[in-house]
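These notes are about the structure you will find just below.
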2 protein chains.
Amino acid sequence: MLAAYRGGRSERLPVWFMRQAGRSLPEYRAIRERAGLLEIGRVPELAAEVTLQPVRRYGVDAAIFFSDIVTPLQAIGVELEIRPGTGPVIASPVRSARDLSALRRFEPAVDAPWLGEGVRLAVAELDVPLIGFAGGPFTLASYLVEGGPSRAQTRTKALMLSEPLTWRRLLERLCDIALDSLRAQVQAGAAAVQVFDSWIGSLAPEQYERHVLPVVRRLFDGLSELGVPRIYFGVGTGHLLELIARAGPDVVGVDWRVPLDAARARLPGRVALQGNLDPAACLAPWPVLEREVLSVLERAPERGYVFNLGHGVLPESDPAALARIVELVHTFRREAAGVA
Amino acid sequence: MLAAYRGGRSERLPVWFMRQAGRSLPEYRAIRERAGLLEIGRVPELAAEVTLQPVRRYGVDAAIFFSDIVTPLQAIGVELEIRPGTGPVIASPVRSARDLSALRRFEPAVDAPWLGEGVRLAVAELDVPLIGFAGGPFTLASYLVEGGPSRAQTRTKALMLSEPLTWRRLLERLCDIALDSLRAQVQAGAAAVQVFDSWIGSLAPEQYERHVLPVVRRLFDGLSELGVPRIYFGVGTGHLLELIARAGPDVVGVDWRVPLDAARARLPGRVALQGNLDPAACLAPWPVLEREVLSVLERAPERGYVFNLGHGVLPESDPAALARIVELVHTFRREAAGVA
């Protein structure tokens, strides 16, 4: 797994699933009957258990630490709740320079001792690498500015265009929060880190380049000191791939809209790829799903590649289907004549 | 306007806005206080009035007939409502071959005499062309299959992958509905037609090519008999541009994620462009908005181009800002040395 993230090649292809922990698993829903989503994050035993569940069930090659993108915000005192069927809702949205004071520095050891403890407990039980989890600056900013999830992040972009200095300071604070959170996770045993900047796909290339890329580059520069593979993922980023690579990640998560061979051709050789089965395909009967998985594998690069979905596991996915995908990926043998 | 759609060049650039009629206008909200959205469509005088409002206020170079994407579905008996804050909600979603029987042929003269009448009333008052309006097959299918709006159209794609024959029959019926609706609008005086296939951007190129493109091509073939410019628009379609052109429209609506010069380079010369200001930019103060409009204009092609937003007008947009955009576009003079 880690070798693949560093550009290497192994006989057996590594695989894990974004959002592999969570609502698609009955054993997760059993825990959720007694604990809220944010509460799970604050109880190390529960966070570790939920992190381990998909590894036990699927035999995937990595765990990803179970957390919500807004967890560190709550830990520094931002008032929010996860509303069922909606997502995170922020009590006081951030829409001016004055509102930035709500975003103080995140000190995991003080603000969130349960974060490192949860990672340590999970790592102690795991025989596969644990991936640290954090939200990307634009995506976190969009929740803060909109006050919750939004289709097109229009208020966020209006702030970005109208008040570039406030915007830059907001993003830099969120960059530091992600950096401090991921550093704590690596110090506790995480062997790789993934930055989920899910909603950057709503930006035009020029917008991303001018208003987001410099901060994301600072984030990946900071992460490089941790000495672990650094993954960057966003949805609908086909028009941003080259810029995303310039942010400096070791691995780019590709969504299902860009075939892997096309992504490979557009990205520098030093960057490994992760992806990119359409999560909707997991809702189809196995013969259809099998064909879709094989279609991804046939376009996948020979080296520097980890199988994943092109976005998170859908809550209505059948766990048995995900288990069969893992088996298929693990037994898939690439032709000697495959793409190098 | 029509000359630009046919690839021509005029001294004054033509401009209109997707969703220029509707919630951003106080005079529309006044009408909505006494009539529901679908009701407006069924009262020719109201539909015409709402269609005319933005032309009077902004001096745009085209009207677009005010209608909802699901209007023809309701006219053939599909039970649905527009739920405020959500969108169209379908009482009995279409999820199997059996459910297709709900989708009989749309006969505008019988099922929706108010459609042609509304267009005729609007055209009689207008001194600019009226554009006919219809939903694209994939997008209409997604509302029918999901039962309402959806972020990623996952059930829709699962049906598409799992039951390709049912899917094809569903799309062909929706293609016929769009064709019959647009034919009625042109017969009543519409001088161009736009197919809003808003959600196709959630498809991978291979998915679009195999499961959607053949039907959209049939739609544009059918529309060619009407002898008016045919526009095709979807959101987040940067990865599909070449395929979209293969569907055969005269004009491609480009969203804000693909710079117009890049879109121009990727599309065949016979295709005109429309777009692509980020609707979020309209929420910014005028100096910022002005810069964004100029940035679009500077990347726009010399010929075969109509200014528009990259998606619909946001409800919270200030009508005064839209009026200033029209003025700026109309007074913009392209350099003689501009891109040909």
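In the structure tokens, the first chain shown is A, the next is B, and so on; residue numbers restart at 1 for each chain, and ligands run from 1 in the order shown.
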
> Looking only at the backbone, which of the residues in region 223-255 of chain A does DSSP tag as strand (DSSP E), as an NGL selection string?
Replying inline: :A and (230-233 or 251-253)

Would you put the residues from that selection into a file with C-alpha atoms, as a compact mmCIF listing (two decimals), in the first residue's frame?
```
# COMPACT_ATOMS: atom_id res chain seq x y z
CA ARG A 230 0.23 12.72 1.31
CA ILE A 231 -3.01 12.19 -0.64
CA TYR A 232 -5.24 14.96 -2.03
CA PHE A 233 -8.82 14.32 -3.07
CA VAL A 251 -1.01 10.94 -4.51
CA VAL A 252 -4.04 12.38 -6.32
CA GLY A 253 -7.46 10.87 -5.71
```

Could you produce a table of the residues of chain A lying within 6 Å of chain B, with the nearest pair of atoms per residue and their separation in Å rounded to one decimal, using only C-alpha atoms, ordered by chain and increasing residue number, as a Markdown table?
```
| residue | atom | partner | partner_atom | distance |
| --- | --- | --- | --- | --- |
| A:Thr154 | CA | B:Ala280 | CA | 4.7 |
| A:Ala158 | CA | B:Ala284 | CA | 5.3 |
| A:Ser162 | CA | B:Ala284 | CA | 5.5 |
| A:Ala204 | CA | B:Arg257 | CA | 4.1 |
| A:Arg257 | CA | B:Ala204 | CA | 4.1 |
| A:Ala280 | CA | B:Thr154 | CA | 4.7 |
| A:Ala281 | CA | B:Ala158 | CA | 5.9 |
| A:Leu283 | CA | B:Ala158 | CA | 5.7 |
| A:Ala284 | CA | B:Ala158 | CA | 5.3 |
```

Print the selection's residues with N, CA and C atoms to a file, as a CSV table (one decimal), in the first residue's frame.
```csv
chain,number,residue,atom,x,y,z
A,154,THR,N,-21.8,29.2,-3.4
A,154,THR,CA,-21.9,30.6,-4.1
A,154,THR,C,-21.5,31.7,-3.1
A,158,ALA,N,-18.3,34.1,-3.5
A,158,ALA,CA,-18.5,35.6,-3.5
A,158,ALA,C,-17.6,36.2,-2.5
A,162,SER,N,-14.7,38.8,-3.4
A,162,SER,CA,-14.9,40.2,-3.0
A,162,SER,C,-13.8,40.6,-1.9
A,204,ALA,N,-13.5,27.4,-10.9
A,204,ALA,CA,-12.8,27.5,-12.2
A,204,ALA,C,-11.3,27.4,-12.0
A,257,ARG,N,-15.1,10.6,-13.0
A,257,ARG,CA,-15.4,11.3,-14.3
A,257,ARG,C,-14.2,11.4,-15.2
A,280,ALA,N,-21.9,4.8,-7.5
A,280,ALA,CA,-23.2,4.4,-8.0
A,280,ALA,C,-23.2,3.0,-8.5
A,281,ALA,N,-22.0,2.6,-9.1
A,281,ALA,CA,-21.9,1.2,-9.7
A,281,ALA,C,-22.0,0.2,-8.6
A,283,LEU,N,-24.2,-0.1,-6.5
A,283,LEU,CA,-25.7,-0.4,-6.3
A,283,LEU,C,-26.2,-1.3,-7.4
A,284,ALA,N,-25.4,-1.6,-8.4
A,284,ALA,CA,-25.8,-2.5,-9.5
A,284,ALA,C,-25.6,-4.0,-9.1
```

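When the distance limit is 7 Å and only C-alpha atoms are what count, the residues near Val193 (chain B), minus those fewer than 2 positions from it on the same chain, are B:Ile131, B:Gly132, B:Phe133, B:Leu182, B:Val195, B:Pro229, B:Arg230, B:Ile231.
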
Atoms kept (C-alpha atoms) for selection, written as a short mmCIF file (atom, residue, chain, number, x, y, z; two decimals), in the first residue's frame:
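Output (result-v1.cif):
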```cif
data_model
loop_
_atom_site.label_atom_id
_atom_site.label_comp_id
_atom_site.auth_asym_id
_atom_site.auth_seq_id
_atom_site.Cartn_x
_atom_site.Cartn_y
_atom_site.Cartn_z
CA ILE B 131 -35.92 30.71 -26.83
CA GLY B 132 -37.94 27.54 -26.27
CA PHE B 133 -37.19 25.56 -23.10
CA LEU B 182 -39.98 22.22 -28.33
CA VAL B 195 -32.15 21.76 -23.99
CA PRO B 229 -30.64 27.23 -33.58
CA ARG B 230 -30.42 24.39 -31.08
CA ILE B 231 -28.56 24.99 -27.80
#
```

> What's the 9 Å shell around region 42-55 of chain B, counting only C-alpha atoms, without same-chain residues fewer than 5 positions away, as a VMD selection string?
Replying inline: chain B and resid 16 20 to 22 25 27 to 28 31 35 60 to 67 71 112 to 123 125 to 126 128 130
